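Q: Just coords-v2.txt, nothing more (compact mmCIF, C-alpha atoms and all ligand atoms):
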```txt
# COMPACT_ATOMS: atom_id res chain seq x y z
CA MET F 98 14.51 31.34 20.66
CA THR F 99 12.55 33.99 22.59
CA PRO F 100 12.62 33.73 26.41
CA TYR F 101 8.87 32.92 26.47
CA TYR F 102 9.26 30.11 23.94
CA GLU F 103 12.26 28.77 25.87
CA LEU F 104 10.22 28.83 29.09
CA PHE F 105 7.36 26.99 27.31
CA VAL F 106 9.82 24.33 26.05
CA ARG F 107 11.35 23.90 29.51
CA LEU F 108 7.92 23.58 31.13
CA VAL F 109 6.33 21.21 28.61
CA ALA F 110 9.06 18.94 27.16
CA PRO F 111 9.86 17.03 30.41
CA TYR F 112 6.19 16.05 30.69
CA HIS F 113 6.10 14.07 27.43
CA ALA F 114 6.43 10.78 29.35
CA VAL F 115 3.48 11.84 31.54
CA LEU F 116 1.27 13.26 28.77
CA VAL F 117 1.55 10.15 26.54
CA HIS F 118 -0.35 8.11 29.12
CA PHE F 119 -3.61 9.92 28.26
CA PRO F 120 -3.91 9.09 24.53
CA VAL F 121 -2.53 5.59 25.10
CA ALA F 122 -5.04 4.88 27.90
CA LEU F 123 -7.96 6.48 26.05
CA TRP F 124 -7.30 4.65 22.76
CA THR F 125 -6.93 1.36 24.63
CA THR F 126 -10.26 1.99 26.43
CA VAL F 127 -11.95 2.85 23.13
CA ALA F 128 -10.62 -0.35 21.54
CA LEU F 129 -11.98 -2.43 24.45
CA LEU F 130 -15.41 -0.73 24.20
CA VAL F 131 -15.46 -1.35 20.43
CA PHE F 132 -14.61 -5.02 21.02
CA TYR F 133 -17.43 -5.32 23.59
CA ARG F 134 -19.98 -3.56 21.35
CA ALA F 135 -18.97 -5.69 18.34
CA VAL F 136 -19.70 -8.93 20.21
CA SER F 137 -22.71 -7.75 22.25
CA ASP F 138 -25.99 -5.89 21.72
CA GLY F 139 -26.61 -5.78 25.49
CA ALA F 140 -27.45 -2.62 27.50
CA LEU F 141 -23.92 -2.26 28.92
CA ALA F 142 -22.28 -2.56 25.49
CA ARG F 143 -24.71 0.07 24.10
CA ALA F 144 -23.94 2.36 27.05
CA GLY F 145 -20.23 1.94 26.30
CA ASP F 146 -20.83 2.90 22.67
CA LYS F 147 -22.56 6.12 23.78
CA ILE F 148 -19.34 7.42 25.37
CA LEU F 149 -17.13 6.52 22.38
CA VAL F 150 -17.31 9.96 20.72
CA PRO F 151 -16.50 11.97 23.92
CA LEU F 152 -13.65 9.57 24.73
CA LEU F 153 -12.28 9.85 21.20
CA VAL F 154 -12.49 13.66 21.27
CA LEU F 155 -10.52 13.66 24.55
CA SER F 156 -8.00 11.22 23.08
CA ILE F 157 -7.37 13.48 20.07
CA PHE F 158 -6.76 16.54 22.27
CA SER F 159 -4.44 14.58 24.56
CA GLY F 160 -2.75 13.05 21.48
CA ILE F 161 -2.04 16.56 20.16
CA ALA F 162 -0.58 17.51 23.58
CA ALA F 163 1.63 14.38 23.51
CA LEU F 164 2.77 15.14 19.96
CA VAL F 165 3.59 18.78 20.71
CA SER F 166 5.45 17.94 23.93
CA GLY F 167 7.40 15.23 22.06
CA LEU F 168 8.45 17.66 19.34
CA LEU F 169 9.80 20.04 22.02
CA ILE F 170 12.20 17.53 23.65
CA PHE F 171 15.00 17.91 21.08
CA PRO F 172 15.61 20.50 18.36
CA LEU F 173 13.96 19.20 15.18
CA GLU F 174 17.32 18.91 13.35
CA ALA F 175 18.60 16.60 16.11
CA ALA F 176 15.39 14.55 16.28
CA GLY F 177 15.30 14.24 12.49
CA ALA F 178 18.88 12.96 12.41
CA SER F 179 17.97 9.81 14.37
CA PRO F 180 16.17 6.97 12.53
CA LEU F 181 14.75 5.80 15.87
CA ILE F 182 13.18 9.19 16.63
CA ARG F 183 12.01 9.62 13.03
CA ASN F 184 10.26 6.24 13.35
CA HIS F 185 8.64 7.42 16.58
CA ILE F 186 7.40 10.66 14.97
CA LEU F 187 6.06 8.65 12.02
CA ALA F 188 4.21 6.15 14.25
CA ALA F 189 2.88 8.95 16.52
CA SER F 190 1.57 10.95 13.55
CA TRP F 191 -0.04 7.83 12.09
CA SER F 192 -1.71 7.03 15.43
CA LEU F 193 -3.12 10.52 15.82
CA ALA F 194 -4.34 10.77 12.20
CA TYR F 195 -5.76 7.24 12.30
CA TRP F 196 -7.77 7.72 15.52
CA THR F 197 -9.03 11.08 14.22
CA VAL F 198 -10.48 9.28 11.18
CA PHE F 199 -11.90 6.63 13.54
CA LEU F 200 -13.61 9.42 15.54
CA LEU F 201 -15.11 10.92 12.38
CA THR F 202 -16.29 7.48 11.24
CA ARG F 203 -18.25 6.87 14.47
CA TRP F 204 -19.41 10.49 14.75
CA ILE F 205 -20.71 10.86 11.16
CA ASN F 206 -22.23 7.38 10.82
CA GLY F 207 -23.74 7.15 14.32
CA GLU F 208 -25.00 3.77 15.51
CA THR F 209 -25.17 2.42 11.94
CA VAL F 210 -21.53 1.40 12.37
CA TRP F 211 -22.85 -1.58 14.35
CA ASN F 212 -25.31 -2.76 11.68
CA GLY F 213 -24.63 -6.16 10.14
CA ALA F 214 -21.05 -6.73 9.03
CA ASN F 215 -20.09 -3.09 9.82
CA ARG F 216 -19.37 -4.10 13.43
CA TRP F 217 -16.59 -6.45 12.29
CA VAL F 218 -15.09 -3.66 10.19
CA MET F 219 -15.12 -1.46 13.34
CA LEU F 220 -13.44 -4.25 15.31
CA GLY F 221 -10.75 -4.61 12.63
CA LEU F 222 -10.19 -0.83 12.55
CA ALA F 223 -9.86 -0.69 16.36
CA ALA F 224 -7.38 -3.59 16.25
CA LEU F 225 -5.27 -1.76 13.64
CA GLY F 226 -5.36 1.42 15.76
CA THR F 227 -4.22 -0.57 18.81
CA LEU F 228 -1.31 -1.91 16.75
CA LEU F 229 -0.31 1.65 15.82
CA ILE F 230 -0.28 2.81 19.46
CA THR F 231 1.70 -0.29 20.41
CA VAL F 232 4.34 0.52 17.79
CA THR F 233 4.44 4.20 18.87
CA GLY F 234 4.90 3.28 22.55
CA THR F 235 7.43 0.54 21.76
CA VAL F 236 9.64 2.92 19.77
CA GLY F 237 9.16 5.64 22.44
CA GLY F 238 10.34 3.16 25.08
CA HIS F 239 13.50 2.50 23.05
CA ILE F 240 14.21 6.26 22.88
CA ALA F 241 13.69 6.53 26.66
CA GLY F 242 16.18 3.67 27.22
CA LYS F 243 13.48 1.12 28.12
CA PRO F 244 13.52 -1.38 25.26
CA THR F 245 10.92 -4.17 25.31
CA THR F 246 10.65 -7.52 23.54
CA LEU F 247 7.84 -6.08 21.41
CA SER F 248 10.56 -4.75 19.11
CA VAL F 249 11.73 -8.35 18.67
CA ILE F 250 8.26 -9.16 17.27
CA LEU F 251 8.55 -6.18 14.90
CA ALA F 252 11.98 -7.53 13.82
CA TRP F 253 10.32 -10.87 12.88
CA PHE F 254 8.28 -8.86 10.38
CA GLY F 255 11.49 -7.38 8.96
CA TRP F 256 11.60 -4.03 10.74
CA ASP F 257 14.44 -3.11 13.13
CA VAL F 258 13.17 -0.06 15.04
CA TYR F 259 16.68 1.45 14.93
CA ASP F 260 16.58 1.51 11.10
CA THR F 261 14.62 3.95 8.97
CA PHE F 262 11.16 2.57 8.23
CA PHE F 263 10.64 2.26 4.48
CA VAL F 264 7.32 1.73 2.77
CA PRO F 265 7.82 -0.65 -0.20
CA ASP F 266 6.86 0.78 -3.61
CA VAL F 267 4.08 -1.77 -3.95
CA MET F 268 2.52 -0.30 -0.79
CA LEU F 269 2.54 3.17 -2.36
CA ALA F 270 0.76 1.73 -5.40
CA LEU F 271 -1.84 0.14 -3.07
CA ILE F 272 -2.33 3.47 -1.25
CA ALA F 273 -2.83 5.27 -4.59
CA ALA F 274 -5.35 2.59 -5.65
CA ALA F 275 -7.19 2.97 -2.30
CA ILE F 276 -7.34 6.79 -2.64
CA ILE F 277 -9.12 6.37 -5.95
CA GLY F 278 -11.01 3.13 -5.29
CA LEU F 279 -12.48 3.74 -1.81
CA PRO F 280 -14.40 6.97 -2.62
CA VAL F 281 -15.74 5.29 -5.78
CA LEU F 282 -16.81 2.27 -3.69
CA GLY F 283 -18.48 4.59 -1.13
CA TRP F 284 -20.31 6.51 -3.86
CA TRP F 285 -21.47 3.27 -5.48
CA GLY F 286 -22.58 1.86 -2.10
CA SER F 287 -24.56 5.00 -1.17
CA ARG F 288 -26.30 5.01 -4.57
CA ARG F 289 -27.28 1.36 -4.13
CA SER F 290 -28.66 1.92 -0.62
CA SER F 291 -30.68 4.99 -1.67
C1 LIG U 301 0.71 10.61 19.88
C2 LIG U 301 1.93 11.08 20.14
C3 LIG U 301 2.98 10.34 20.96
C4 LIG U 301 2.87 9.27 21.81
C5 LIG U 301 1.61 8.48 22.19
C6 LIG U 301 4.21 8.98 22.31
C7 LIG U 301 4.55 7.94 23.18
C8 LIG U 301 5.75 7.82 23.83
C9 LIG U 301 6.06 6.85 24.86
C10 LIG U 301 5.09 5.80 25.39
C11 LIG U 301 7.32 7.07 25.28
C12 LIG U 301 8.08 6.30 26.36
C13 LIG U 301 8.03 7.09 27.64
C14 LIG U 301 8.76 6.40 28.77
O1 LIG U 301 8.74 5.16 28.83
O2 LIG U 301 9.35 7.09 29.61
C15 LIG U 301 7.85 8.18 24.51
C16 LIG U 301 9.13 8.69 24.64
C17 LIG U 301 9.67 9.67 23.85
N1 LIG U 301 9.03 10.32 22.79
FE1 LIG U 301 7.06 10.12 22.28
N2 LIG U 301 5.08 9.88 21.77
C18 LIG U 301 4.39 10.71 20.91
C19 LIG U 301 4.90 11.72 20.11
C20 LIG U 301 6.26 12.06 20.04
C21 LIG U 301 6.82 12.97 19.09
C22 LIG U 301 6.07 13.70 17.96
C23 LIG U 301 8.14 13.07 19.38
C24 LIG U 301 9.13 13.94 18.61
C25 LIG U 301 10.40 13.76 18.55
C26 LIG U 301 8.43 12.21 20.53
C27 LIG U 301 9.67 12.04 21.16
C28 LIG U 301 9.91 11.22 22.24
C29 LIG U 301 11.18 11.14 22.97
C30 LIG U 301 12.42 11.99 22.65
C31 LIG U 301 11.02 10.19 23.97
C32 LIG U 301 12.07 9.76 25.03
C33 LIG U 301 12.22 10.82 26.10
C34 LIG U 301 11.03 10.93 27.02
O3 LIG U 301 10.41 9.90 27.41
O4 LIG U 301 10.68 12.07 27.40
N3 LIG U 301 7.25 11.61 20.89
N4 LIG U 301 6.87 8.62 23.64
```
Could you write out this file's structure as structure tokens?
A:
Amino acid sequence: MTPYYELFVRLVAPYHAVLVHFPVALWTTVALLVFYRAVSDGALARAGDKILVPLLVLSIFSGIAALVSGLLIFPLEAAGASPLIRNHILAASWSLAYWTVFLLTRWINGETVWNGANRWVMLGLAALGTLLITVTGTVGGHIAGKPTTLSVILAWFGWDVYDTFFVPDVMLALIAAAIIGLPVLGWWGSRRSS
């Protein structure tokens, strides 16, 4: 490790617990704005929608800062040896990737995401994203020695946060089907609408 890199690690790693507040707060705010816009066409809800893209851009940058600072806390070999930390890295990467796709969805499709049934899809997507942040924060709390009862709820669904998270084979088959099926569905839908 070069002295500069070591200095960077020493300066950044202790601030993980501080930095994580930004993506968590921003994604929660986005989810609330999406909920409000999904149930209302009023002026305030539309104004909230207008700041979604800037808020999401900020959330992605702060999410990257949280992710990088997290990766600097322990050497990767040590972090990778703990199922709890591996679960946290998995959930954090999912959260960041998921909200990036959410940003692109709103950015590329503009206000059409609120047309007809699309708004309920947006609401469902925001709810799923909120679940991902909740899991990331819950597991992070366990690493920091602050366990919460949220992990008890996860245990009801068969996942102990201290055990390696496994995706069942059937889920992999569903993901493969979605990778092929969703673009085909999108292509078919765009042909029908044009
Ligand atoms: C989007 C990215 C991330 C978010 C939102 C996030 C969130 C959190 C939260 C909420 C905590 C609890 C803090 C506390 O209560 O004091 C935490 C702790 C922790 N996280 Fe993350 N995390 C992220 C990425 C990562 C990554 C990639 C690692 C890599 C190993 C990591 C490692 C840790 C560790 C070691 C702790 C306990 C020590 C500490 O709080 O500094 N995190 N994280």
Q: Given a cut-off of 6 Å, what residues near ligand LIG 301 (chain U) show up using all atoms listed in the file, put as JSON, numbers by chain?
A: {"F": [111, 113, 114, 117, 121, 160, 163, 164, 167, 168, 170, 176, 182, 186, 189, 193, 233, 234, 237, 238, 240, 241]}
Q: Counting all atoms listed in the file, which residue out of F:Ser190, F:Ser137, F:Asn212, F:Thr126 sits closest to Val165 of chain F?
A: F:Ser190
Q: What lies within 9 Å of Trp204 of chain F using only C-alpha atoms, ignoring chain neighbours under 5 positions off, as a tab-separated table (two decimals) with C-alpha atoms, keeping the file's coordinate frame?
A:
```
chain	number	residue	atom	x	y	z
F	149	LEU	CA	-17.13	6.52	22.38
F	150	VAL	CA	-17.31	9.96	20.72
F	199	PHE	CA	-11.90	6.63	13.54
```
Q: Would you mind reading off the distance between atom CA of Leu152 of chain F and atom CA of Ser166 of chain F, one decimal, in Å?
A: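 Going from atom CA of Leu152 of chain F over to atom CA of Ser166 of chain F covers 20.9 Å.
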Q: Centre and edge lengths of an axis-aligned box around all listed atoms of segment 178-185 of chain F, with 5 Å added on each side, are to be given in Å to one decimal, as JSON.
A:
```
{"center_x": 13.8, "center_y": 9.4, "center_z": 14.5, "size_x": 20.2, "size_y": 17.2, "size_z": 14.2}
```
Q: Neighbours of segment 254-270 of chain F within 6 Å (all atoms listed in the file; same-chain residues fewer than 3 positions away dropped), as a count of residues only?
A: 4
